[in-house]
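The structure file coords-v2.tsv is reproduced below (TSV, C-alpha atoms and all ligand atoms).
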```
chain	number	residue	atom	x	y	z
A	1	MET	CA	185.69	84.35	151.70
A	2	ASN	CA	183.00	81.73	152.31
A	3	LEU	CA	183.23	79.38	155.30
A	4	ILE	CA	181.50	76.51	156.99
A	5	ILE	CA	181.75	76.08	160.75
A	6	PHE	CA	181.14	72.44	161.56
A	7	GLY	CA	180.70	70.32	164.71
A	8	PRO	CA	178.15	68.58	166.95
A	9	PRO	CA	175.35	70.58	168.58
A	10	GLY	CA	176.85	72.53	171.47
A	11	ALA	CA	180.39	72.43	170.06
A	12	GLY	CA	180.57	76.22	170.05
A	13	LYS	CA	179.89	76.89	166.36
A	14	GLY	CA	177.60	79.88	166.98
A	15	THR	CA	179.96	81.33	169.59
A	16	GLN	CA	182.98	81.18	167.26
A	17	ALA	CA	180.95	82.25	164.21
A	18	ASP	CA	179.93	85.47	166.03
A	19	LYS	CA	183.61	86.30	166.58
A	20	ILE	CA	184.55	85.51	162.97
A	21	VAL	CA	181.67	87.65	161.67
A	22	THR	CA	182.90	90.66	163.67
A	23	GLU	CA	186.54	90.41	162.60
A	24	PHE	CA	186.13	89.30	158.99
A	25	ASN	CA	182.91	91.17	158.19
A	26	LEU	CA	180.93	88.12	157.07
A	27	ASN	CA	177.21	87.31	157.17
A	28	LYS	CA	176.35	84.40	159.45
A	29	ILE	CA	173.84	81.98	157.99
A	30	SER	CA	172.46	79.74	160.69
A	31	THR	CA	169.70	77.51	159.34
A	32	GLY	CA	168.65	76.99	162.98
A	33	ASP	CA	168.12	80.75	163.35
A	34	LEU	CA	166.30	80.97	159.99
A	35	LEU	CA	163.98	78.18	161.14
A	36	ARG	CA	163.45	79.72	164.59
A	37	ASP	CA	162.58	83.04	162.84
A	38	GLU	CA	159.88	81.19	160.93
A	39	ILE	CA	158.62	79.64	164.20
A	40	SER	CA	158.45	83.02	165.95
A	41	LYS	CA	156.29	84.35	163.08
A	42	ASN	CA	153.83	81.57	164.04
A	43	THR	CA	153.07	80.73	160.39
A	44	THR	CA	151.65	77.32	159.39
A	45	LEU	CA	155.13	76.36	158.19
A	46	GLY	CA	156.57	77.70	161.47
A	47	LYS	CA	154.23	75.51	163.55
A	48	GLU	CA	155.16	72.41	161.52
A	49	ILE	CA	158.85	73.22	161.94
A	50	LYS	CA	158.48	73.66	165.73
A	51	LYS	CA	156.97	70.19	166.11
A	52	ILE	CA	159.88	68.61	164.23
A	53	ILE	CA	162.64	70.57	165.98
A	54	ASP	CA	161.23	69.94	169.48
A	55	LYS	CA	161.51	66.20	168.81
A	56	GLY	CA	165.20	66.62	167.91
A	57	SER	CA	164.61	65.69	164.24
A	58	PHE	CA	165.59	67.47	161.01
A	59	VAL	CA	163.21	69.45	158.81
A	60	THR	CA	163.08	68.33	155.15
A	61	ASP	CA	166.01	69.05	152.85
A	62	GLU	CA	163.60	70.85	150.53
A	63	THR	CA	162.73	73.42	153.23
A	64	ILE	CA	166.41	74.00	153.95
A	65	ASN	CA	167.43	74.15	150.28
A	66	ASN	CA	164.81	76.81	149.63
A	67	LEU	CA	166.06	78.92	152.55
A	68	ILE	CA	169.64	78.67	151.24
A	69	LYS	CA	168.67	79.49	147.65
A	70	LYS	CA	167.25	82.80	148.93
A	71	ILE	CA	170.57	83.54	150.64
A	72	PHE	CA	172.51	83.19	147.38
A	73	SER	CA	170.09	85.43	145.51
A	74	ASN	CA	171.05	88.33	147.81
A	75	ASN	CA	174.16	90.19	146.48
A	76	GLU	CA	175.00	91.35	150.00
A	77	ASN	CA	176.08	87.78	150.72
A	78	HIS	CA	178.45	87.41	147.77
A	79	ASN	CA	181.71	85.90	149.08
A	80	ARG	CA	180.78	86.88	152.63
A	81	LEU	CA	179.11	83.75	153.95
A	82	ILE	CA	179.72	81.76	157.08
A	83	PHE	CA	177.41	78.76	157.39
A	84	ASP	CA	176.69	77.65	160.94
A	85	GLY	CA	174.78	74.37	161.32
A	86	TYR	CA	174.52	73.81	157.57
A	87	PRO	CA	174.93	71.51	155.66
A	88	ARG	CA	173.65	68.72	157.95
A	89	ASN	CA	173.69	65.74	155.59
A	90	LEU	CA	175.19	64.65	152.26
A	91	ASN	CA	172.17	65.72	150.24
A	92	GLN	CA	172.43	69.28	151.61
A	93	THR	CA	176.19	69.21	151.02
A	94	LYS	CA	175.68	68.39	147.34
A	95	ASN	CA	173.02	71.06	147.05
A	96	LEU	CA	175.38	73.65	148.54
A	97	ASP	CA	178.12	72.57	146.12
A	98	HIS	CA	175.71	73.05	143.24
A	99	LEU	CA	174.58	76.51	144.45
A	100	LEU	CA	178.18	77.67	144.96
A	101	LYS	CA	179.14	76.66	141.41
A	102	LYS	CA	175.98	78.13	139.93
A	103	ASN	CA	176.74	81.46	141.65
A	104	LYS	CA	180.46	81.33	140.69
A	105	GLN	CA	181.60	81.12	144.29
A	106	SER	CA	183.75	78.73	146.26
A	107	LEU	CA	184.42	77.67	149.83
A	108	THR	CA	187.58	78.95	151.50
A	109	CYS	CA	187.57	76.25	154.19
A	110	VAL	CA	185.56	74.09	156.58
A	111	LEU	CA	186.42	74.60	160.27
A	112	SER	CA	185.48	71.52	162.27
A	113	LEU	CA	185.24	71.79	166.08
A	114	ASN	CA	185.94	68.46	167.78
A	115	VAL	CA	184.12	68.07	171.12
A	116	PRO	CA	183.08	64.80	172.85
A	117	GLU	CA	179.47	64.01	173.82
A	118	ASP	CA	179.76	64.58	177.59
A	119	VAL	CA	181.16	68.10	177.11
A	120	VAL	CA	178.51	68.93	174.53
A	121	VAL	CA	175.70	67.95	176.93
A	122	LYS	CA	177.10	70.19	179.71
A	123	ARG	CA	177.51	73.12	177.35
A	124	ILE	CA	174.00	72.84	175.96
A	125	LEU	CA	172.38	72.56	179.39
A	126	GLY	CA	173.93	75.92	180.30
A	127	ARG	CA	173.26	77.66	176.97
A	128	GLN	CA	171.42	80.99	177.03
A	129	VAL	CA	170.62	83.05	173.95
A	130	CYS	CA	169.74	86.75	174.00
A	131	THR	CA	166.44	87.37	172.17
A	132	LYS	CA	167.46	90.97	171.49
A	133	CYS	CA	171.02	90.70	170.05
A	134	SER	CA	171.22	86.89	169.45
A	135	LEU	CA	174.55	86.56	171.30
A	136	ILE	CA	175.16	83.18	172.97
A	137	PHE	CA	176.17	82.81	176.64
A	138	ASN	CA	176.54	79.97	179.11
A	139	LYS	CA	175.37	79.86	182.75
A	140	PHE	CA	178.43	77.80	183.71
A	141	PHE	CA	181.20	78.64	181.24
A	142	ASN	CA	180.53	82.09	179.81
A	143	PRO	CA	177.94	84.00	181.85
A	144	SER	CA	176.42	87.20	180.50
A	145	ASN	CA	177.63	90.27	182.43
A	146	LYS	CA	177.82	94.07	182.04
A	147	LYS	CA	181.15	93.81	180.19
A	148	ASN	CA	180.19	91.30	177.48
A	149	HIS	CA	176.48	92.09	177.05
A	150	ASN	CA	174.48	95.35	176.92
A	151	CYS	CA	170.87	94.12	176.62
A	152	GLY	CA	170.32	92.92	180.20
A	153	GLU	CA	169.51	89.56	181.83
A	154	GLN	CA	165.77	89.79	181.09
A	155	PHE	CA	166.38	88.96	177.41
A	156	LEU	CA	168.23	85.70	178.07
A	157	THR	CA	166.31	82.56	177.08
A	158	THR	CA	166.97	78.84	176.77
A	159	ARG	CA	166.15	77.04	173.51
A	160	SER	CA	163.15	74.69	173.60
A	161	ASP	CA	165.28	71.84	172.13
A	162	ASP	CA	168.04	72.21	174.77
A	163	LYS	CA	166.76	69.41	177.04
A	164	GLU	CA	168.90	66.44	178.02
A	165	GLU	CA	166.89	63.74	176.19
A	166	VAL	CA	166.62	65.86	173.02
A	167	ILE	CA	170.35	66.66	173.13
A	168	ILE	CA	171.26	62.97	173.18
A	169	LYS	CA	169.02	62.33	170.17
A	170	ARG	CA	170.51	65.33	168.32
A	171	TYR	CA	174.02	64.06	169.03
A	172	LYS	CA	173.19	60.58	167.65
A	173	THR	CA	171.65	62.10	164.52
A	174	TYR	CA	174.79	64.19	164.11
A	175	ILE	CA	177.03	61.09	164.21
A	176	ILE	CA	174.91	59.17	161.70
A	177	GLU	CA	173.87	61.87	159.23
A	178	THR	CA	176.20	64.84	159.58
A	179	LEU	CA	179.64	63.47	160.40
A	180	PRO	CA	180.03	61.68	157.01
A	181	ILE	CA	180.09	65.12	155.35
A	182	LEU	CA	183.63	65.63	156.66
A	183	ASN	CA	185.02	63.13	154.16
A	184	PHE	CA	183.51	65.08	151.29
A	185	TYR	CA	185.40	68.23	152.35
A	186	LYS	CA	188.55	66.33	153.29
A	187	ASN	CA	188.73	65.03	149.74
A	188	LEU	CA	188.47	68.61	148.48
A	189	ASP	CA	191.34	69.61	150.80
A	190	LEU	CA	189.14	72.15	152.58
A	191	LEU	CA	189.00	70.59	156.04
A	192	TYR	CA	190.63	72.14	159.15
A	193	GLU	CA	190.11	70.20	162.40
A	194	ILE	CA	190.18	72.18	165.64
A	195	ASP	CA	190.26	70.99	169.24
A	196	GLY	CA	186.98	72.41	170.57
A	197	ILE	CA	187.52	71.50	174.23
A	198	LYS	CA	189.69	74.53	174.99
A	199	ASP	CA	188.29	77.85	176.21
A	200	ILE	CA	186.48	80.17	173.80
A	201	ASP	CA	189.36	82.62	173.28
A	202	SER	CA	192.03	79.93	172.70
A	203	ILE	CA	189.84	78.28	170.06
A	204	TYR	CA	189.25	81.60	168.36
A	205	LYS	CA	193.00	82.32	168.32
A	206	GLU	CA	193.56	79.10	166.36
A	207	ILE	CA	190.71	79.89	163.98
A	208	ARG	CA	191.90	83.41	163.20
A	209	GLN	CA	195.40	82.13	162.44
A	210	ILE	CA	193.95	79.70	159.89
A	211	LEU	CA	191.72	82.36	158.35
A	212	HIS	CA	194.49	84.97	158.10
A	213	SER	CA	196.74	82.40	156.43
A	214	LEU	CA	194.03	81.68	153.81
A	215	ASP	CA	192.83	85.25	153.34
A	216	GLY	CA	195.44	86.17	150.77
B	1	LIG	P1	176.55	75.32	168.64
B	1	LIG	O1	176.29	76.56	167.80
B	1	LIG	O2	177.69	74.49	168.09
B	1	LIG	O3	175.34	74.49	168.95
B	1	LIG	P2	177.01	77.28	170.78
B	1	LIG	O4	177.96	78.26	170.18
B	1	LIG	O5	175.58	77.69	170.92
B	1	LIG	O6	177.11	75.84	170.05
B	1	LIG	O7	177.62	76.87	172.20
B	1	LIG	C1	176.92	75.99	173.06
B	1	LIG	C2	177.05	76.47	174.51
B	1	LIG	O8	178.39	76.25	174.97
B	1	LIG	C3	176.80	77.94	174.68
B	1	LIG	O9	176.15	78.13	175.92
B	1	LIG	C4	178.17	78.59	174.70
B	1	LIG	O10	178.21	79.78	175.49
B	1	LIG	C5	179.01	77.49	175.33
B	1	LIG	N1	180.36	77.43	174.77
B	1	LIG	C6	180.72	77.63	173.50
B	1	LIG	N2	182.04	77.45	173.33
B	1	LIG	C7	182.53	77.09	174.56
B	1	LIG	C8	183.83	76.75	175.05
B	1	LIG	N3	184.92	76.72	174.27
B	1	LIG	N4	183.96	76.44	176.37
B	1	LIG	C9	182.87	76.45	177.19
B	1	LIG	N5	181.63	76.76	176.77
B	1	LIG	C10	181.44	77.09	175.48
```
Go ahead and express the file in the form of structure tokens.
Ligand code: ADP
Amino acid sequence: MNLIIFGPPGAGKGTQADKIVTEFNLNKISTGDLLRDEISKNTTLGKEIKKIIDKGSFVTDETINNLIKKIFSNNENHNRLIFDGYPRNLNQTKNLDHLLKKNKQSLTCVLSLNVPEDVVVKRILGRQVCTKCSLIFNKFFNPSNKKNHNCGEQFLTTRSDDKEEVIIKRYKTYIIETLPILNFYKNLDLLYEIDGIKDIDSIYKEIRQILHSLDG
């Protein structure tokens, strides 16, 4: 199966995607992570990308489309994709549609996490990401401890774009550029809307029910 996990920044996409990946043996494709990889390599492209991301803006569609093209050319990913944070606008949505058809693949569904702005801001301000295993935690809602995390506290970092003023800009951009994508998938009958305010395990329970019902 191929999935998209959709929602505003801080909705919990990465958190739920990690759980889906483990149970359904999928490969998570986070364009944010692919871009941050490029930044950590400190290449010229990486430096350009960092400037754009730190302002809360999007990198060009061309950069993203090239990253995604590479993903499809890897057989390991065939029918095993979960996209997290992609597509972000209608142009990217159409490009993904084109790549899926070209590679004789289809989307199983789009899981959309609904979370209001005030909750998103709180979640992002507490977000911590492990630089060693990439798991996502939250200072307030889901702290890292010995039971849920083996790497140790010293690997926990906050993202450079997780600042209050940048979050508000990212949320606005989401409403204007990303939210209209939902109609595209609704028309294709692929859209599943999920209440993202509940706790992490309750949300996952709902998601796995949907996925088991579609995984025929
Ligand atoms: P996204 O990938 O949508 O930007 P994340 O998965 O990184 O969001 O989650 C944002 C922050 O909120 C993280 O710190 C995460 O631990 C926390 N979080 C995720 N889901 C929930 C939830 N259901 N309740 C409370 N906090 C959550």
Please, which residues have at least one atom within 8 Å of an atom of ligand LIG 1 (chain B), using all atoms listed in the file, listed as a PyMOL selection string? chain A and resi 6-17+84-85+120+122-129+136-143+196-203
Go ahead and write the residues just picked, C-alpha atoms, as an mmCIF file, in the coordinates of the input.
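Okay, this is what ended up in out-v5.cif:
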```
data_model
loop_
_atom_site.group_PDB
_atom_site.id
_atom_site.type_symbol
_atom_site.label_atom_id
_atom_site.label_comp_id
_atom_site.auth_asym_id
_atom_site.auth_seq_id
_atom_site.Cartn_x
_atom_site.Cartn_y
_atom_site.Cartn_z
ATOM 1 C CA PHE A 6 181.140 72.440 161.560
ATOM 2 C CA GLY A 7 180.700 70.320 164.710
ATOM 3 C CA PRO A 8 178.150 68.580 166.950
ATOM 4 C CA PRO A 9 175.350 70.580 168.580
ATOM 5 C CA GLY A 10 176.850 72.530 171.470
ATOM 6 C CA ALA A 11 180.390 72.430 170.060
ATOM 7 C CA GLY A 12 180.570 76.220 170.050
ATOM 8 C CA LYS A 13 179.890 76.890 166.360
ATOM 9 C CA GLY A 14 177.600 79.880 166.980
ATOM 10 C CA THR A 15 179.960 81.330 169.590
ATOM 11 C CA GLN A 16 182.980 81.180 167.260
ATOM 12 C CA ALA A 17 180.950 82.250 164.210
ATOM 13 C CA ASP A 84 176.690 77.650 160.940
ATOM 14 C CA GLY A 85 174.780 74.370 161.320
ATOM 15 C CA VAL A 120 178.510 68.930 174.530
ATOM 16 C CA LYS A 122 177.100 70.190 179.710
ATOM 17 C CA ARG A 123 177.510 73.120 177.350
ATOM 18 C CA ILE A 124 174.000 72.840 175.960
ATOM 19 C CA LEU A 125 172.380 72.560 179.390
ATOM 20 C CA GLY A 126 173.930 75.920 180.300
ATOM 21 C CA ARG A 127 173.260 77.660 176.970
ATOM 22 C CA GLN A 128 171.420 80.990 177.030
ATOM 23 C CA VAL A 129 170.620 83.050 173.950
ATOM 24 C CA ILE A 136 175.160 83.180 172.970
ATOM 25 C CA PHE A 137 176.170 82.810 176.640
ATOM 26 C CA ASN A 138 176.540 79.970 179.110
ATOM 27 C CA LYS A 139 175.370 79.860 182.750
ATOM 28 C CA PHE A 140 178.430 77.800 183.710
ATOM 29 C CA PHE A 141 181.200 78.640 181.240
ATOM 30 C CA ASN A 142 180.530 82.090 179.810
ATOM 31 C CA PRO A 143 177.940 84.000 181.850
ATOM 32 C CA GLY A 196 186.980 72.410 170.570
ATOM 33 C CA ILE A 197 187.520 71.500 174.230
ATOM 34 C CA LYS A 198 189.690 74.530 174.990
ATOM 35 C CA ASP A 199 188.290 77.850 176.210
ATOM 36 C CA ILE A 200 186.480 80.170 173.800
ATOM 37 C CA ASP A 201 189.360 82.620 173.280
ATOM 38 C CA SER A 202 192.030 79.930 172.700
ATOM 39 C CA ILE A 203 189.840 78.280 170.060
#
```
From the list A:Ile39, A:Leu135, A:Ile210, A:Leu3, which residue is nearest Lys19 (chain A) when using all atoms listed in the file?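 Closest candidate: A:Leu135.
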Using all atoms of region 190-209 of chain A listed in the file and a margin of 5 Å per side, can you give the axis-aligned box centre and edge lengths in Å to one decimal, as JSON?
```
{"center_x": 190.9, "center_y": 76.8, "center_z": 164.4, "size_x": 18.9, "size_y": 23.2, "size_z": 33.6}
```
Atomic separation - CA of Glu165 (chain A) relative to CA of Leu45 (chain A), Å: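 Straight-line distance from CA of Leu45 (chain A) to CA of Glu165 (chain A) works out to 24.9 Å.
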Separation of CA of Phe72 (chain A) from CA of Leu111 (chain A) in Å: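 Between CA of Leu111 (chain A) and CA of Phe72 (chain A) the gap is 20.8 Å.
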Under the rule that all atoms listed in the file are counted, which of A:Arg170, A:Lys163, A:Lys28, A:Lys146 is the nearest residue to Leu81 (chain A)?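 Using all atoms listed in the file, the shortest distance to Leu81 (chain A) belongs to A:Lys28.
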So how far away is CA of Asp33 (chain A) from CA of Asn66 (chain A), in Å?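 Distance reported for this atom pair: 14.7 Å.
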Counting all atoms listed in the file, the option among A:Lys186, A:Arg36, A:His78, A:Lys47 closest to Met1 (chain A):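 Of A:Lys186, A:Arg36, A:His78, A:Lys47, the one nearest Met1 (chain A), counting all atoms listed in the file, is A:His78.
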Which residues, written as an MDAnalysis selection string, have at least one atom at most 8 Å from Val110 (chain A), with only C-alpha atoms counted and residues fewer than 4 positions away on the same chain left out? chainID A and resid 3:6 185 190:192
Step by step: start from the point (167.2, 90.7, 180.7) in the file's coordinates, keep every protein, DNA or RNA residue that has an atom no farther than 12 Å from it, count all atoms listed in the file, and write the set as a list of chain:residue names.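 So the residues meeting the distance criterion are A:Gln128, A:Val129, A:Cys130, A:Thr131, A:Lys132, A:Cys133, A:Ser144, A:Asn145, A:Lys146, A:His149, A:Asn150, A:Cys151, A:Gly152, A:Glu153, A:Gln154, A:Phe155, A:Leu156, A:Thr157.
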Tell me which of A:Gln209, A:Leu179, A:Lys69, A:Asp215 sits closest to Asp97 (chain A), counting all atoms listed in the file. A:Lys69
Give me, as a CSV table (one decimal) with C-alpha atoms, keeping the file's coordinate frame, all polymer residues having an atom no more than 12 Å from Leu188 (chain A), counting all atoms listed in the file and skipping those fewer than 5 positions away in the same chain.
```csv
chain,number,residue,atom,x,y,z
A,97,ASP,CA,178.1,72.6,146.1
A,106,SER,CA,183.8,78.7,146.3
A,107,LEU,CA,184.4,77.7,149.8
A,108,THR,CA,187.6,79.0,151.5
A,109,CYS,CA,187.6,76.2,154.2
A,110,VAL,CA,185.6,74.1,156.6
A,181,ILE,CA,180.1,65.1,155.4
A,182,LEU,CA,183.6,65.6,156.7
A,183,ASN,CA,185.0,63.1,154.2
```
Could you list, as number ranges by chain, every residue within 12 Å of Glu76 (chain A), counting only C-alpha atoms and ignoring same-chain residues fewer than 3 positions away? A: 25-28, 70-73, 79-81
Same residues, C-alpha atoms, saved as a compact mmCIF listing (two decimals), keeping the file's coordinate frame:
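And here's selection.txt as it stands now:
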```txt
# COMPACT_ATOMS: atom_id res chain seq x y z
CA ASN A 25 182.91 91.17 158.19
CA LEU A 26 180.93 88.12 157.07
CA ASN A 27 177.21 87.31 157.17
CA LYS A 28 176.35 84.40 159.45
CA LYS A 70 167.25 82.80 148.93
CA ILE A 71 170.57 83.54 150.64
CA PHE A 72 172.51 83.19 147.38
CA SER A 73 170.09 85.43 145.51
CA ASN A 79 181.71 85.90 149.08
CA ARG A 80 180.78 86.88 152.63
CA LEU A 81 179.11 83.75 153.95
```
Tell me, as a compact mmCIF listing (two decimals) with C-alpha atoms, in the coordinates of the input, which residues lie within 10 Å of Phe58 (chain A), counting only C-alpha atoms; anything in the same chain fewer than 5 positions away does not count.
```
# COMPACT_ATOMS: atom_id res chain seq x y z
CA ILE A 49 158.85 73.22 161.94
CA ILE A 52 159.88 68.61 164.23
CA ILE A 53 162.64 70.57 165.98
CA ILE A 64 166.41 74.00 153.95
CA ARG A 88 173.65 68.72 157.95
CA ASN A 89 173.69 65.74 155.59
CA ARG A 170 170.51 65.33 168.32
CA THR A 173 171.65 62.10 164.52
```
Measuring between all atoms listed in the file, which one of A:Ile175, A:Val59, A:Arg159, A:Tyr86 shows the shortest distance to Pro116 (chain A)?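 Among the listed residues, A:Ile175 lies closest to Pro116 (chain A).
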Nearest to Ile168 (chain A) among A:Asp18, A:Glu62, A:Asp54, A:Glu117, with distances taken over all atoms listed in the file: which residue is it?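 Ranked by minimum distance to Ile168 (chain A), first place goes to A:Glu117.
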